[in-house]
$ cat input32.cif   # mmCIF, C-alpha atoms
data_query
#
loop_
_atom_site.label_atom_id
_atom_site.label_comp_id
_atom_site.auth_asym_id
_atom_site.auth_seq_id
_atom_site.Cartn_x
_atom_site.Cartn_y
_atom_site.Cartn_z
CA MET A 1 -16.22 -5.56 19.90
CA SER A 2 -14.42 -2.54 21.25
CA CYS A 3 -12.57 0.08 19.30
CA VAL A 4 -10.22 2.33 21.24
CA PRO A 5 -8.24 5.10 19.52
CA CYS A 6 -4.64 5.16 20.68
CA ARG A 7 -4.59 8.94 21.04
CA SER A 8 -7.00 11.67 22.07
CA GLY A 9 -10.01 12.42 19.90
CA GLU A 10 -13.56 11.25 19.55
CA GLU A 11 -14.30 8.03 17.70
CA GLU A 12 -17.20 8.16 15.29
CA ARG A 13 -19.26 5.23 14.12
CA GLN A 14 -21.60 5.80 11.20
CA ALA A 15 -23.73 3.28 9.32
CA GLY A 16 -23.03 3.12 5.62
CA GLY A 17 -19.46 4.26 6.02
CA GLY A 18 -17.46 1.06 5.81
CA GLY A 19 -17.03 0.45 9.53
CA VAL A 20 -15.39 2.33 12.36
CA ARG A 21 -13.99 5.71 11.44
CA ARG A 22 -12.21 8.47 13.24
CA GLY A 23 -11.78 12.03 12.09
CA GLY A 24 -13.51 11.31 8.80
CA ARG A 25 -11.06 8.55 7.78
CA GLU A 26 -11.97 4.87 7.55
CA LEU A 27 -9.90 2.39 9.54
CA MET A 28 -8.69 0.53 6.48
CA PRO A 29 -9.64 -0.01 2.86
CA VAL A 30 -12.53 -2.36 2.32
CA ARG A 31 -12.14 -5.55 0.30
CA ARG A 32 -12.93 -5.40 -3.37
CA ALA A 33 -13.10 -7.69 -6.36
CA GLY A 34 -10.77 -7.23 -9.27
CA LYS A 35 -7.61 -9.04 -10.27
CA ARG A 36 -5.65 -8.23 -13.37
CA ALA A 37 -2.13 -9.60 -13.69
CA GLY A 38 0.75 -7.24 -14.35
CA HIS A 39 -1.28 -4.07 -13.86
CA LYS A 40 1.57 -1.57 -13.52
CA ARG A 41 2.30 1.92 -14.80
CA ASN A 42 5.18 4.34 -14.63
CA VAL A 43 4.62 7.00 -12.01
CA PRO A 44 4.67 10.50 -13.55
CA GLY A 45 7.70 12.40 -12.35
CA GLY A 46 9.01 9.26 -10.70
CA GLY A 47 11.81 8.45 -13.11
CA THR A 48 12.07 4.69 -13.46
CA THR A 49 9.83 4.04 -10.46
CA VAL A 50 7.01 1.64 -11.22
CA MET A 51 3.88 1.79 -9.12
CA GLU A 52 2.03 -1.46 -8.55
CA LEU A 53 -1.64 -0.60 -9.04
CA ASN A 54 -3.18 -3.96 -8.18
CA TRP A 55 -2.09 -3.76 -4.53
CA TYR A 56 -5.51 -5.00 -3.40
CA GLU A 57 -4.86 -8.52 -4.68
CA ASP A 58 -2.65 -9.31 -1.68
CA PHE A 59 -3.99 -6.84 0.87
CA PHE A 60 -7.09 -8.63 2.14
CA GLN A 61 -5.82 -11.63 4.03
CA GLY A 62 -4.72 -12.53 7.52
CA VAL A 63 -5.08 -9.90 10.22
CA ALA A 64 -6.55 -7.33 7.80
CA LEU A 65 -9.66 -9.52 7.42
CA ASP A 66 -9.76 -10.15 11.17
CA LEU A 67 -9.94 -6.40 11.74
CA TRP A 68 -12.59 -5.93 9.05
CA ARG A 69 -14.87 -8.58 10.57
CA ARG A 70 -14.64 -7.07 14.04
CA ALA A 71 -15.11 -3.45 12.94
CA ILE A 72 -18.64 -3.94 11.57
CA SER A 73 -21.57 -4.48 13.91
CA ALA A 74 -24.78 -6.37 13.12
CA ASP A 75 -26.76 -3.19 13.80
CA GLN A 76 -24.75 -1.28 11.22
CA THR A 77 -25.37 -3.96 8.61
CA LYS A 78 -29.11 -3.90 9.31
CA ALA A 79 -29.20 -0.11 9.01
CA GLU A 80 -27.35 -0.20 5.70
CA ALA A 81 -29.63 -2.94 4.35
CA ALA A 82 -32.71 -0.92 5.29
CA PHE A 83 -31.25 2.09 3.50
CA LEU A 84 -30.47 0.04 0.39
CA ALA A 85 -33.94 -1.47 0.24
CA LYS A 86 -35.39 2.04 0.25
CA ALA A 87 -32.84 3.74 -2.04
CA LEU A 88 -32.81 1.07 -4.74
CA LYS A 89 -36.63 1.02 -4.97
CA ALA A 90 -36.58 -2.57 -6.18
CA LYS A 91 -39.70 -4.67 -5.74
CA ARG A 92 -39.79 -7.61 -3.37
CA ASN A 93 -38.23 -10.59 -5.09
CA GLY A 94 -36.22 -8.20 -7.26
CA LYS A 95 -32.72 -9.31 -8.21
CA LEU A 96 -29.87 -7.25 -6.74
CA LEU A 97 -26.10 -7.29 -7.33
CA ASP A 98 -23.75 -6.79 -4.36
CA VAL A 99 -20.34 -5.86 -5.77
CA PRO A 100 -17.94 -6.42 -4.16
CA CYS A 101 -19.76 -8.48 -1.53
CA GLY A 102 -16.99 -9.45 0.89
CA ASN A 103 -18.37 -12.06 3.26
CA GLY A 104 -21.90 -11.25 2.12
CA ARG A 105 -23.19 -9.32 5.10
CA HIS A 106 -25.45 -7.05 3.02
CA SER A 107 -26.68 -9.82 0.72
CA LEU A 108 -27.57 -12.02 3.68
CA GLU A 109 -29.58 -9.24 5.32
CA LEU A 110 -31.34 -8.24 2.09
CA ALA A 111 -32.21 -11.87 1.37
CA LYS A 112 -34.14 -11.87 4.65
CA ARG A 113 -36.12 -8.94 3.25
CA GLY A 114 -37.23 -10.92 0.20
CA PHE A 115 -34.67 -9.91 -2.43
CA ARG A 116 -32.89 -12.35 -4.75
CA MET A 117 -29.20 -11.70 -4.25
CA THR A 118 -26.01 -12.17 -6.25
CA GLY A 119 -22.73 -11.36 -4.53
CA LEU A 120 -19.41 -11.03 -6.38
CA ASP A 121 -15.94 -10.76 -4.87
CA ILE A 122 -12.31 -11.66 -5.66
CA SER A 123 -11.57 -13.05 -2.19
CA GLU A 124 -11.85 -16.84 -2.09
CA GLU A 125 -11.85 -16.71 1.71
CA PHE A 126 -14.77 -14.30 1.83
CA ILE A 127 -16.79 -16.13 -0.84
CA GLN A 128 -16.36 -19.39 1.07
CA GLU A 129 -17.41 -17.66 4.27
CA ALA A 130 -20.46 -16.18 2.52
CA GLN A 131 -21.45 -19.61 1.20
CA ASN A 132 -21.23 -21.09 4.67
CA LEU A 133 -23.26 -18.26 6.21
CA SER A 134 -26.01 -18.44 3.58
CA LYS A 135 -26.23 -22.21 3.99
CA ALA A 136 -26.63 -21.82 7.74
CA GLN A 137 -29.28 -19.13 7.16
CA GLY A 138 -31.08 -21.24 4.56
CA ALA A 139 -30.78 -18.41 2.02
CA LEU A 140 -30.54 -19.11 -1.70
CA ILE A 141 -27.87 -16.61 -2.75
CA GLU A 142 -25.65 -16.78 -5.82
CA TRP A 143 -22.02 -16.23 -4.87
CA VAL A 144 -19.56 -15.45 -7.66
CA LEU A 145 -15.78 -15.52 -7.32
CA GLY A 146 -14.58 -13.01 -9.88
CA ASP A 147 -13.43 -9.60 -11.05
CA MET A 148 -15.84 -6.71 -10.58
CA CYS A 149 -14.43 -5.09 -13.73
CA GLN A 150 -15.33 -8.17 -15.77
CA ILE A 151 -19.05 -8.50 -15.00
CA GLN A 152 -20.52 -10.62 -17.78
CA ARG A 153 -24.28 -10.26 -17.14
CA ILE A 154 -26.60 -8.36 -19.48
CA SER A 155 -29.81 -6.57 -18.33
CA GLU A 156 -30.21 -9.01 -15.46
CA PHE A 157 -30.39 -6.98 -12.25
CA ASP A 158 -33.05 -4.69 -10.81
CA GLY A 159 -30.46 -2.83 -8.77
CA ALA A 160 -26.84 -2.88 -7.62
CA PHE A 161 -24.77 -1.45 -4.80
CA CYS A 162 -21.14 -0.97 -3.79
CA LEU A 163 -20.99 -0.13 -0.08
CA GLY A 164 -17.93 -0.13 2.12
CA ASN A 165 -15.66 2.44 0.46
CA SER A 166 -14.65 0.20 -2.46
CA PHE A 167 -15.46 2.93 -5.01
CA GLY A 168 -12.13 4.48 -5.98
CA TYR A 169 -9.70 1.56 -5.92
CA PHE A 170 -9.12 2.17 -9.66
CA ASP A 171 -7.77 4.99 -11.72
CA TYR A 172 -10.21 6.79 -14.02
CA GLN A 173 -9.82 4.40 -16.94
CA ASP A 174 -10.59 1.30 -14.87
CA MET A 175 -13.37 2.98 -12.91
CA LEU A 176 -15.09 3.84 -16.17
CA ALA A 177 -14.68 0.25 -17.39
CA PHE A 178 -16.28 -1.05 -14.19
CA LEU A 179 -19.21 1.35 -14.43
CA ARG A 180 -19.87 0.53 -18.08
CA ARG A 181 -19.96 -3.21 -17.41
CA LEU A 182 -22.17 -2.62 -14.39
CA ALA A 183 -24.57 -0.53 -16.47
CA ARG A 184 -24.75 -3.32 -19.02
CA ALA A 185 -25.66 -5.79 -16.25
CA LEU A 186 -28.56 -3.62 -15.01
CA LYS A 187 -32.04 -3.39 -16.46
CA PRO A 188 -33.02 0.02 -17.91
CA GLY A 189 -34.04 2.37 -15.12
CA ALA A 190 -32.36 0.26 -12.41
CA ARG A 191 -30.57 2.07 -9.60
CA PHE A 192 -26.97 1.88 -8.38
CA VAL A 193 -26.00 3.00 -4.86
CA PHE A 194 -22.44 3.45 -3.59
CA ASP A 195 -20.56 5.23 -0.84
CA SER A 196 -17.07 6.66 -0.44
CA HIS A 197 -14.94 8.29 2.25
CA MET A 198 -12.45 9.20 -0.45
CA ALA A 199 -14.24 11.85 -2.48
CA ALA A 200 -11.96 14.86 -2.77
CA GLU A 201 -14.40 17.01 -0.77
CA SER A 202 -14.23 14.45 2.06
CA ILE A 203 -10.67 13.22 2.34
CA LEU A 204 -8.52 16.23 1.41
CA PRO A 205 -9.74 18.56 4.20
CA ASN A 206 -9.44 15.75 6.78
CA LEU A 207 -6.36 13.81 5.72
CA ARG A 208 -3.98 13.10 8.59
CA GLU A 209 -0.37 12.08 8.11
CA ARG A 210 -0.42 9.53 10.93
CA GLU A 211 -3.22 7.70 12.73
CA TRP A 212 -3.47 4.94 15.33
CA PHE A 213 -6.38 2.66 16.15
CA GLN A 214 -7.07 -0.37 18.27
CA VAL A 215 -9.86 -2.88 17.59
CA ASP A 216 -9.96 -5.47 20.35
CA ASP A 217 -6.46 -7.01 20.37
CA ILE A 218 -5.45 -5.64 16.97
CA LEU A 219 -3.35 -2.47 16.79
CA LEU A 220 -3.33 -0.57 13.50
CA ALA A 221 -0.93 2.24 12.56
CA MET A 222 -1.47 4.23 9.36
CA GLU A 223 0.77 6.68 7.49
CA ASN A 224 -1.06 8.62 4.78
CA SER A 225 0.26 10.74 1.93
CA TYR A 226 -1.48 12.36 -1.03
CA ARG A 227 0.27 11.50 -4.30
CA VAL A 228 -0.31 14.62 -6.34
CA GLU A 229 1.18 13.07 -9.49
CA LEU A 230 -1.39 10.26 -9.37
CA GLY A 231 -4.33 11.96 -7.65
CA CYS A 232 -4.55 9.26 -5.00
CA VAL A 233 -3.91 8.65 -1.31
CA GLU A 234 -1.15 6.17 -0.49
CA THR A 235 -1.39 4.56 2.93
CA GLN A 236 1.19 2.43 4.72
CA TYR A 237 -0.49 0.08 7.23
CA THR A 238 1.12 -1.73 10.14
CA PHE A 239 -1.01 -4.38 11.87
CA VAL A 240 0.04 -5.82 15.21
CA LYS A 241 -1.72 -8.81 16.76
CA SER A 242 -0.39 -11.18 19.43
CA GLY A 243 3.13 -9.92 18.82
CA LYS A 244 2.93 -10.57 15.07
CA VAL A 245 3.46 -7.62 12.71
CA GLU A 246 2.05 -7.42 9.16
CA ASN A 247 2.61 -4.51 6.73
CA ARG A 248 0.43 -3.45 3.80
CA THR A 249 0.28 -0.58 1.30
CA SER A 250 -2.84 0.75 -0.39
CA LEU A 251 -3.70 3.31 -3.07
CA HIS A 252 -7.09 4.98 -3.24
CA TRP A 253 -7.93 7.33 -6.10
CA VAL A 254 -9.52 10.63 -5.17
CA TYR A 255 -12.31 12.09 -7.34
CA THR A 256 -14.39 15.21 -6.89
CA LEU A 257 -18.15 14.83 -6.96
CA ALA A 258 -18.14 16.59 -10.33
CA GLU A 259 -15.67 14.02 -11.70
CA ILE A 260 -17.80 11.19 -10.32
CA ARG A 261 -20.86 12.68 -12.00
CA ARG A 262 -19.08 12.88 -15.38
CA MET A 263 -17.81 9.33 -14.95
CA LEU A 264 -21.30 8.02 -14.23
CA GLU A 265 -22.84 9.93 -17.13
CA ASN A 266 -20.16 8.59 -19.47
CA ALA A 267 -21.14 5.06 -18.39
CA GLY A 268 -24.87 5.62 -18.93
CA PHE A 269 -25.99 6.66 -15.44
CA SER A 270 -27.49 9.85 -14.05
CA ILE A 271 -27.21 10.91 -10.41
CA LEU A 272 -30.52 11.09 -8.57
CA GLU A 273 -29.34 11.97 -5.07
CA THR A 274 -26.19 12.69 -3.09
CA HIS A 275 -25.99 12.66 0.71
CA GLY A 276 -23.44 12.80 3.48
CA GLY A 277 -24.76 9.64 5.14
CA ILE A 278 -27.50 7.05 4.94
CA ASP A 279 -29.55 9.20 7.29
CA GLY A 280 -30.03 11.75 4.49
CA ARG A 281 -27.77 14.50 5.80
CA PRO A 282 -26.54 16.83 3.02
CA PHE A 283 -23.16 16.31 1.43
CA ALA A 284 -20.86 19.32 1.68
CA PHE A 285 -17.18 20.20 1.69
CA GLY A 286 -15.66 18.37 4.65
CA SER A 287 -18.42 15.74 4.93
CA PRO A 288 -16.68 12.50 5.94
CA LEU A 289 -18.88 10.35 3.69
CA LEU A 290 -20.44 10.58 0.23
CA VAL A 291 -23.47 8.44 -0.60
CA VAL A 292 -24.64 8.45 -4.22
CA THR A 293 -27.85 7.09 -5.72
CA ALA A 294 -27.64 6.83 -9.51
CA GLN A 295 -29.93 5.40 -12.16
CA LYS A 296 -29.23 3.65 -15.44
CA GLU A 297 -30.73 5.49 -18.36
CA SER A 298 -34.02 4.07 -19.64
CA GLN A 299 -33.92 2.74 -23.18
#

$ encode --input "input32.cif" --output "structure tokens"
Amino acid sequence: MSCVPCRSGEEERQAGGGGVRRGGRELMPVRRAGKRAGHKRNVPGGGTTVMELNWYEDFFQGVALDLWRRAISADQTKAEAAFLAKALKAKRNGKLLDVPCGNGRHSLELAKRGFRMTGLDISEEFIQEAQNLSKAQGALIEWVLGDMCQIQRISEFDGAFCLGNSFGYFDYQDMLAFLRRLARALKPGARFVFDSHMAAESILPNLREREWFQVDDILLAMENSYRVELGCVETQYTFVKSGKVENRTSLHWVYTLAEIRRMLENAGFSILETHGGIDGRPFAFGSPLLVVTAQKESQ
């Protein structure tokens, strides 16, 4: 797999950051689970304009998934799995929740390391692909097609993770609902690890209005704007492959680390560590990636 930027500048590849990035910005949003019909709100200051908030329900299909598959290397997945095994501090044979799991790349690798895995995602295509891959690997993994904001388990998991920049696809109200249900699904003292390129300290100093990328035979053009009335980044995507053009729009809510901390505490978590990468580098203003290790309160 090759990734060639379509303009000058150095490409950066970093494990734990949701794939190939450039200039501190991920190529495209990562798949997530969560489908709620008719999820719309009036945009403040937008008159009668109605913003569709569940954009992700139709985003991850076709060429967007082709690009996602090609952008992630096996070595990156192995590095992220090794980091998770260490950060979550779960015992061998411990039960872990991968949410959202996409095509199961992390769950498959962690299953090889002796963990019992459950992967949840909204994408039927990715869940089917994960089932096929686990069958070929001979891994006993539970795959769940469902909404990450509607997790129904109670005190079942020894740890959970959300890698790939999926943290932030909701506004504050829905993020808090997700975290509360996740906390309920974890055993007391269990850890939760997630990453984000979209923390305010990361994205706002590095946001570019226009970007171009090429991954193999797929060309991707992005137009970014910060919606101050919503506190989110809106991105218009244009994918070009074999002469076919597909357009997408995404919204990604931007939270400061302080806001994330308050959100976690409100849901019953406390932050143990924050880093700027899975290699342990410190997180600071301008860091392209935030990695958080949190723990559910003991009861």

$ residues_around --input "input32.cif" --residues "Thr235 (chain A)" --least-positions-apart "5" --cutoff "6 Å" --atoms "all atoms listed in the file" --output "number ranges by chain"
A: 223-224, 249-250

$ write_last_selection --input "input32.cif" --atoms "C-alpha atoms" --output "compact mmCIF listing (two decimals), in the frame of the given file"
# COMPACT_ATOMS: atom_id res chain seq x y z
CA GLU A 223 0.77 6.68 7.49
CA ASN A 224 -1.06 8.62 4.78
CA THR A 249 0.28 -0.58 1.30
CA SER A 250 -2.84 0.75 -0.39

$ atom_distance --input "input32.cif" --atom1 "CA of Ser134 (chain A)" --atom2 "CA of Lys86 (chain A)"
22.8 Å

$ residues_around --input "input32.cif" --residues "Ala64 (chain A)" --least-positions-apart "4" --cutoff "9 Å" --atoms "only C-alpha atoms" --output "number ranges by chain"
A: 28, 59-60, 68-69, 239, 246, 248

$ closest_residue --input "input32.cif" --among "A:Leu251, A:Val144, A:Ala90, A:Ala258" --to "Glu234 (chain A)" --atoms "all atoms listed in the file"
A:Leu251

$ resolve_selection --input "input32.cif" --expression "the PyMOL selection byres ((chain A and resi 267-281) around 8)" --output "VMD selection string"
chain A and resid 14 to 17 80 83 176 179 to 180 183 261 263 to 266 282 to 284 287 to 297

$ atom_distance --input "input32.cif" --atom1 "CA of Phe178 (chain A)" --atom2 "CA of Glu156 (chain A)"
16.1 Å

$ closest_residue --input "input32.cif" --among "A:Phe167, A:Phe161, A:Tyr226, A:Tyr56" --to "Arg191 (chain A)" --atoms "only C-alpha atoms"
A:Phe161

$ resolve_selection --input "input32.cif" --expression "the PyMOL selection byres ((chain A and resi 185) around 6)" --output "PyMOL selection string"
chain A and resi 153-156+182-184+186

$ residues_around --input "input32.cif" --residues "region 103-106 of chain A" --least-positions-apart "3" --cutoff "8 Å" --atoms "only C-alpha atoms" --output "PyMOL selection string"
chain A and resi 77-78+80-81+98+109-110+119+126-130

$ residues_around --input "input32.cif" --residues "Val63 (chain A)" --least-positions-apart "5" --cutoff "12 Å" --atoms "all atoms listed in the file" --output "MDAnalysis selection string"
chainID A and resid 28 68:70 215 217:220 237:248

$ write_last_selection --input "input32.cif" --atoms "C-alpha atoms" --output "tab-separated table (two decimals), keeping the file's coordinate frame"
chain	number	residue	atom	x	y	z
A	28	MET	CA	-8.69	0.53	6.48
A	68	TRP	CA	-12.59	-5.93	9.05
A	69	ARG	CA	-14.87	-8.58	10.57
A	70	ARG	CA	-14.64	-7.07	14.04
A	215	VAL	CA	-9.86	-2.88	17.59
A	217	ASP	CA	-6.46	-7.01	20.37
A	218	ILE	CA	-5.45	-5.64	16.97
A	219	LEU	CA	-3.35	-2.47	16.79
A	220	LEU	CA	-3.33	-0.57	13.50
A	237	TYR	CA	-0.49	0.08	7.23
A	238	THR	CA	1.12	-1.73	10.14
A	239	PHE	CA	-1.01	-4.38	11.87
A	240	VAL	CA	0.04	-5.82	15.21
A	241	LYS	CA	-1.72	-8.81	16.76
A	242	SER	CA	-0.39	-11.18	19.43
A	243	GLY	CA	3.13	-9.92	18.82
A	244	LYS	CA	2.93	-10.57	15.07
A	245	VAL	CA	3.46	-7.62	12.71
A	246	GLU	CA	2.05	-7.42	9.16
A	247	ASN	CA	2.61	-4.51	6.73
A	248	ARG	CA	0.43	-3.45	3.80

$ closest_residue --input "input32.cif" --among "A:Lys95, A:Arg181, A:Lys187, A:Arg227" --to "Met148 (chain A)" --atoms "all atoms listed in the file"
A:Arg181

$ build_atoms --input "input32.cif" --residues "region 160-190 of chain A" --atoms "N, CA and C atoms" --output "PDB file, in the coordinates of the input"
ATOM      1  N   ALA A 160     -28.179  -2.472  -8.023  1.00  0.00           N
ATOM      2  CA  ALA A 160     -26.840  -2.880  -7.620  1.00  0.00           C
ATOM      3  C   ALA A 160     -26.318  -1.888  -6.588  1.00  0.00           C
ATOM      4  N   PHE A 161     -25.363  -2.357  -5.795  1.00  0.00           N
ATOM      5  CA  PHE A 161     -24.770  -1.450  -4.800  1.00  0.00           C
ATOM      6  C   PHE A 161     -23.319  -1.829  -4.545  1.00  0.00           C
ATOM      7  N   CYS A 162     -22.568  -0.833  -4.077  1.00  0.00           N
ATOM      8  CA  CYS A 162     -21.140  -0.970  -3.790  1.00  0.00           C
ATOM      9  C   CYS A 162     -20.880  -0.182  -2.507  1.00  0.00           C
ATOM     10  N   LEU A 163     -21.204  -0.791  -1.369  1.00  0.00           N
ATOM     11  CA  LEU A 163     -20.990  -0.130  -0.080  1.00  0.00           C
ATOM     12  C   LEU A 163     -19.695  -0.610   0.556  1.00  0.00           C
ATOM     13  N   GLY A 164     -19.133   0.251   1.405  1.00  0.00           N
ATOM     14  CA  GLY A 164     -17.930  -0.130   2.120  1.00  0.00           C
ATOM     15  C   GLY A 164     -16.662   0.529   1.599  1.00  0.00           C
ATOM     16  N   ASN A 165     -16.813   1.651   0.878  1.00  0.00           N
ATOM     17  CA  ASN A 165     -15.660   2.440   0.460  1.00  0.00           C
ATOM     18  C   ASN A 165     -14.811   1.773  -0.620  1.00  0.00           C
ATOM     19  N   SER A 166     -15.394   0.856  -1.384  1.00  0.00           N
ATOM     20  CA  SER A 166     -14.650   0.200  -2.460  1.00  0.00           C
ATOM     21  C   SER A 166     -14.577   1.070  -3.716  1.00  0.00           C
ATOM     22  N   PHE A 167     -15.450   2.051  -3.848  1.00  0.00           N
ATOM     23  CA  PHE A 167     -15.460   2.930  -5.010  1.00  0.00           C
ATOM     24  C   PHE A 167     -14.213   3.819  -4.960  1.00  0.00           C
ATOM     25  N   GLY A 168     -13.331   3.666  -5.946  1.00  0.00           N
ATOM     26  CA  GLY A 168     -12.130   4.480  -5.980  1.00  0.00           C
ATOM     27  C   GLY A 168     -10.842   3.688  -5.882  1.00  0.00           C
ATOM     28  N   TYR A 169     -10.918   2.367  -5.930  1.00  0.00           N
ATOM     29  CA  TYR A 169      -9.700   1.560  -5.920  1.00  0.00           C
ATOM     30  C   TYR A 169      -9.037   1.514  -7.285  1.00  0.00           C
ATOM     31  N   PHE A 170      -9.663   2.144  -8.298  1.00  0.00           N
ATOM     32  CA  PHE A 170      -9.120   2.170  -9.660  1.00  0.00           C
ATOM     33  C   PHE A 170      -8.804   3.599 -10.073  1.00  0.00           C
ATOM     34  N   ASP A 171      -7.937   3.711 -11.060  1.00  0.00           N
ATOM     35  CA  ASP A 171      -7.770   4.990 -11.720  1.00  0.00           C
ATOM     36  C   ASP A 171      -8.976   5.235 -12.629  1.00  0.00           C
ATOM     37  N   TYR A 172      -9.019   6.386 -13.265  1.00  0.00           N
ATOM     38  CA  TYR A 172     -10.210   6.790 -14.020  1.00  0.00           C
ATOM     39  C   TYR A 172     -10.570   5.781 -15.109  1.00  0.00           C
ATOM     40  N   GLN A 173      -9.580   5.322 -15.834  1.00  0.00           N
ATOM     41  CA  GLN A 173      -9.820   4.400 -16.940  1.00  0.00           C
ATOM     42  C   GLN A 173     -10.507   3.128 -16.468  1.00  0.00           C
ATOM     43  N   ASP A 174     -10.013   2.551 -15.366  1.00  0.00           N
ATOM     44  CA  ASP A 174     -10.590   1.300 -14.870  1.00  0.00           C
ATOM     45  C   ASP A 174     -11.915   1.517 -14.159  1.00  0.00           C
ATOM     46  N   MET A 175     -12.074   2.679 -13.519  1.00  0.00           N
ATOM     47  CA  MET A 175     -13.370   2.980 -12.910  1.00  0.00           C
ATOM     48  C   MET A 175     -14.451   3.062 -13.975  1.00  0.00           C
ATOM     49  N   LEU A 176     -14.129   3.704 -15.091  1.00  0.00           N
ATOM     50  CA  LEU A 176     -15.090   3.840 -16.170  1.00  0.00           C
ATOM     51  C   LEU A 176     -15.430   2.472 -16.768  1.00  0.00           C
ATOM     52  N   ALA A 177     -14.430   1.604 -16.875  1.00  0.00           N
ATOM     53  CA  ALA A 177     -14.680   0.250 -17.390  1.00  0.00           C
ATOM     54  C   ALA A 177     -15.611  -0.516 -16.466  1.00  0.00           C
ATOM     55  N   PHE A 178     -15.399  -0.396 -15.161  1.00  0.00           N
ATOM     56  CA  PHE A 178     -16.280  -1.050 -14.190  1.00  0.00           C
ATOM     57  C   PHE A 178     -17.705  -0.543 -14.323  1.00  0.00           C
ATOM     58  N   LEU A 179     -17.871   0.771 -14.379  1.00  0.00           N
ATOM     59  CA  LEU A 179     -19.210   1.350 -14.430  1.00  0.00           C
ATOM     60  C   LEU A 179     -19.940   0.979 -15.719  1.00  0.00           C
ATOM     61  N   ARG A 180     -19.221   0.908 -16.815  1.00  0.00           N
ATOM     62  CA  ARG A 180     -19.870   0.530 -18.080  1.00  0.00           C
ATOM     63  C   ARG A 180     -20.341  -0.914 -18.058  1.00  0.00           C
ATOM     64  N   ARG A 181     -19.537  -1.809 -17.502  1.00  0.00           N
ATOM     65  CA  ARG A 181     -19.960  -3.210 -17.410  1.00  0.00           C
ATOM     66  C   ARG A 181     -21.111  -3.358 -16.420  1.00  0.00           C
ATOM     67  N   LEU A 182     -21.077  -2.579 -15.352  1.00  0.00           N
ATOM     68  CA  LEU A 182     -22.170  -2.620 -14.390  1.00  0.00           C
ATOM     69  C   LEU A 182     -23.466  -2.138 -15.038  1.00  0.00           C
ATOM     70  N   ALA A 183     -23.382  -1.051 -15.790  1.00  0.00           N
ATOM     71  CA  ALA A 183     -24.570  -0.530 -16.470  1.00  0.00           C
ATOM     72  C   ALA A 183     -25.152  -1.571 -17.418  1.00  0.00           C
ATOM     73  N   ARG A 184     -24.283  -2.282 -18.106  1.00  0.00           N
ATOM     74  CA  ARG A 184     -24.750  -3.320 -19.020  1.00  0.00           C
ATOM     75  C   ARG A 184     -25.473  -4.442 -18.278  1.00  0.00           C
ATOM     76  N   ALA A 185     -25.055  -4.705 -17.039  1.00  0.00           N
ATOM     77  CA  ALA A 185     -25.660  -5.790 -16.250  1.00  0.00           C
ATOM     78  C   ALA A 185     -27.014  -5.404 -15.666  1.00  0.00           C
ATOM     79  N   LEU A 186     -27.308  -4.098 -15.605  1.00  0.00           N
ATOM     80  CA  LEU A 186     -28.560  -3.620 -15.010  1.00  0.00           C
ATOM     81  C   LEU A 186     -29.658  -3.485 -16.050  1.00  0.00           C
ATOM     82  N   LYS A 187     -30.886  -3.648 -15.602  1.00  0.00           N
ATOM     83  CA  LYS A 187     -32.040  -3.390 -16.460  1.00  0.00           C
ATOM     84  C   LYS A 187     -32.194  -1.879 -16.636  1.00  0.00           C
ATOM     85  N   PRO A 188     -32.782  -1.422 -17.734  1.00  0.00           N
ATOM     86  CA  PRO A 188     -33.020   0.020 -17.910  1.00  0.00           C
ATOM     87  C   PRO A 188     -33.811   0.595 -16.746  1.00  0.00           C
ATOM     88  N   GLY A 189     -33.365   1.725 -16.240  1.00  0.00           N
ATOM     89  CA  GLY A 189     -34.040   2.370 -15.120  1.00  0.00           C
ATOM     90  C   GLY A 189     -33.635   1.854 -13.755  1.00  0.00           C
ATOM     91  N   ALA A 190     -32.795   0.810 -13.696  1.00  0.00           N
ATOM     92  CA  ALA A 190     -32.360   0.260 -12.410  1.00  0.00           C
ATOM     93  C   ALA A 190     -31.419   1.241 -11.711  1.00  0.00           C
TER      94      ALA A 190
END
